[in-house]
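Trainee: Data: query-v1.csv, CSV, C-alpha atoms.
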chain,number,residue,atom,x,y,z
A,1,MET,CA,-5.2,-0.3,17.3
A,2,ILE,CA,-2.4,1.8,15.9
A,3,GLU,CA,1.1,0.8,17.0
A,4,ASN,CA,3.9,3.4,17.2
A,5,LYS,CA,6.5,0.9,15.7
A,6,THR,CA,7.3,1.3,12.0
A,7,ASN,CA,9.5,-1.8,11.7
A,8,ASP,CA,6.5,-4.1,11.6
A,9,VAL,CA,5.1,-2.3,8.6
A,10,ASP,CA,7.1,-4.5,6.2
A,11,ALA,CA,5.3,-7.6,7.4
A,12,LEU,CA,1.8,-6.2,6.7
A,13,SER,CA,-0.4,-7.2,3.8
A,14,PHE,CA,-1.7,-4.5,1.5
A,15,GLU,CA,-5.1,-4.8,3.0
A,16,LYS,CA,-3.9,-4.5,6.6
A,17,ALA,CA,-1.6,-1.6,5.7
A,18,ILE,CA,-4.3,0.4,3.8
A,19,GLU,CA,-6.9,-0.3,6.6
A,20,GLU,CA,-4.5,1.1,9.2
A,21,LEU,CA,-3.6,4.0,7.0
A,22,GLU,CA,-7.3,4.9,6.6
A,23,THR,CA,-7.7,4.8,10.4
A,24,ILE,CA,-4.7,7.2,10.8
A,25,VAL,CA,-6.1,9.6,8.3
A,26,LYS,CA,-9.5,9.6,10.0
A,27,ARG,CA,-8.0,10.3,13.4
A,28,LEU,CA,-5.8,13.1,12.0
A,29,GLU,CA,-8.7,14.7,10.2
A,30,GLU,CA,-10.8,14.7,13.3
A,31,GLY,CA,-8.2,16.8,15.0
A,32,LYS,CA,-8.7,15.3,18.4
A,33,VAL,CA,-5.2,13.8,18.7
A,34,PRO,CA,-2.6,15.5,20.9
A,35,LEU,CA,0.3,17.0,19.0
A,36,GLU,CA,2.9,14.4,20.0
A,37,GLU,CA,0.7,11.5,19.1
A,38,SER,CA,-0.2,13.2,15.8
A,39,VAL,CA,3.4,13.3,14.9
A,40,ALA,CA,3.9,9.7,15.8
A,41,ILE,CA,0.9,8.4,13.9
A,42,TYR,CA,1.7,10.6,10.9
A,43,GLU,CA,5.2,9.0,10.8
A,44,ARG,CA,3.6,5.6,10.9
A,45,GLY,CA,1.2,6.7,8.2
A,46,GLU,CA,4.1,7.6,6.0
A,47,ALA,CA,5.6,4.1,6.5
A,48,LEU,CA,2.3,2.5,5.7
A,49,LYS,CA,1.9,4.6,2.5
A,50,ARG,CA,5.4,3.5,1.4
A,51,ARG,CA,4.5,-0.1,2.1
A,52,CYS,CA,1.3,0.1,0.0
A,53,GLU,CA,3.1,1.8,-2.8
A,54,ASP,CA,5.8,-0.9,-2.8
A,55,LEU,CA,3.2,-3.7,-2.8
A,56,LEU,CA,1.3,-2.0,-5.7
A,57,ARG,CA,4.6,-1.7,-7.7
A,58,GLN,CA,5.3,-5.4,-7.1
A,59,ALA,CA,1.8,-6.4,-8.2
A,60,GLU,CA,2.1,-4.2,-11.4
A,61,ALA,CA,5.4,-6.0,-12.2
A,62,ARG,CA,3.6,-9.3,-12.1
A,63,VAL,CA,0.7,-8.3,-14.3
A,64,GLU,CA,0.8,-10.1,-17.6
A,65,LYS,CA,-0.9,-9.1,-20.9
A,66,ILE,CA,-2.5,-11.6,-23.2
A,67,THR,CA,-0.8,-12.0,-26.5
A,68,LEU,CA,-2.8,-12.9,-29.6
A,69,ASP,CA,-1.9,-14.9,-32.7
A,70,ALA,CA,-2.5,-13.8,-36.3
A,71,SER,CA,-6.2,-14.9,-36.1
A,72,ASP,CA,-6.6,-12.8,-32.8
A,73,LYS,CA,-6.9,-15.9,-30.6
A,74,PRO,CA,-5.0,-15.9,-27.3
A,75,LYS,CA,-1.7,-17.7,-27.6
A,76,GLY,CA,-0.2,-17.0,-24.2
A,77,THR,CA,1.0,-14.3,-22.0
A,78,GLU,CA,4.1,-12.1,-21.6
A,79,PRO,CA,5.2,-9.7,-18.9
A,80,LEU,CA,3.6,-6.3,-19.0
A,81,ASP,CA,6.1,-3.7,-20.2
A,82,ILE,CA,5.8,-1.0,-17.5
A,83,GLY,CA,9.0,0.8,-18.5
So that I can check it, write out the structure of this file as structure tokens.
Mentor:
Amino acid sequence: MIENKTNDVDALSFEKAIEELETIVKRLEEGKVPLEESVAIYERGEALKRRCEDLLRQAEARVEKITLDASDKPKGTEPLDIG
């Protein structure tokens, strides 16, 4: 079920947000939603999209790359330079 509130989006996990976003896209693509409701669910979809993008950026920031020593053996990890 799609709620019209956008303030609860910040509490959603990536999986829940993407699932709801996919539902919204499907409903809008079907074209069977009244105009007013279309606008409301589109706005929620935008909030869900931002949430997913934020969560992906956070995940990317935590990705670590493996560092190798002189003999190409793993010696540890360091933060991934995404800049």
Trainee: Which residues are close to region 23-26 of chain A, i.e. within 12 Å by all atoms listed in the file, leaving aside same-chain residues fewer than 5 positions away? Reply as a PDB file with C-alpha atoms, keeping the file's coordinate frame.
Mentor:
ATOM      1  CA  MET A   1      -5.200  -0.300  17.300  1.00  0.00           C
ATOM      2  CA  ILE A   2      -2.400   1.800  15.900  1.00  0.00           C
ATOM      3  CA  GLU A   3       1.100   0.800  17.000  1.00  0.00           C
ATOM      4  CA  ASN A   4       3.900   3.400  17.200  1.00  0.00           C
ATOM      5  CA  LYS A  16      -3.900  -4.500   6.600  1.00  0.00           C
ATOM      6  CA  ALA A  17      -1.600  -1.600   5.700  1.00  0.00           C
ATOM      7  CA  ILE A  18      -4.300   0.400   3.800  1.00  0.00           C
ATOM      8  CA  GLY A  31      -8.200  16.800  15.000  1.00  0.00           C
ATOM      9  CA  LYS A  32      -8.700  15.300  18.400  1.00  0.00           C
ATOM     10  CA  VAL A  33      -5.200  13.800  18.700  1.00  0.00           C
ATOM     11  CA  GLU A  37       0.700  11.500  19.100  1.00  0.00           C
ATOM     12  CA  SER A  38      -0.200  13.200  15.800  1.00  0.00           C
ATOM     13  CA  VAL A  39       3.400  13.300  14.900  1.00  0.00           C
ATOM     14  CA  ALA A  40       3.900   9.700  15.800  1.00  0.00           C
ATOM     15  CA  ILE A  41       0.900   8.400  13.900  1.00  0.00           C
ATOM     16  CA  TYR A  42       1.700  10.600  10.900  1.00  0.00           C
ATOM     17  CA  GLU A  43       5.200   9.000  10.800  1.00  0.00           C
ATOM     18  CA  ARG A  44       3.600   5.600  10.900  1.00  0.00           C
ATOM     19  CA  GLY A  45       1.200   6.700   8.200  1.00  0.00           C
ATOM     20  CA  GLU A  46       4.100   7.600   6.000  1.00  0.00           C
ATOM     21  CA  ALA A  47       5.600   4.100   6.500  1.00  0.00           C
ATOM     22  CA  LEU A  48       2.300   2.500   5.700  1.00  0.00           C
ATOM     23  CA  LYS A  49       1.900   4.600   2.500  1.00  0.00           C
TER      24      LYS A  49
END
Trainee: Find the distance between CA of Arg50 (chain A) and CA of Glu36 (chain A) and write it in Å to one decimal.
Mentor: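 Spanning CA of Arg50 (chain A) to CA of Glu36 (chain A) is a straight-line distance of 21.7 Å.
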Trainee: What's the 12 Å shell around Asp54 (chain A), counting all atoms listed in the file, without same-chain residues fewer than 6 positions away, as a list in words?
Mentor: Val9, Asp10, Leu12, Ser13, Phe14, Ala17, Ala47, Leu48, Glu60 and Ala61 of chain A
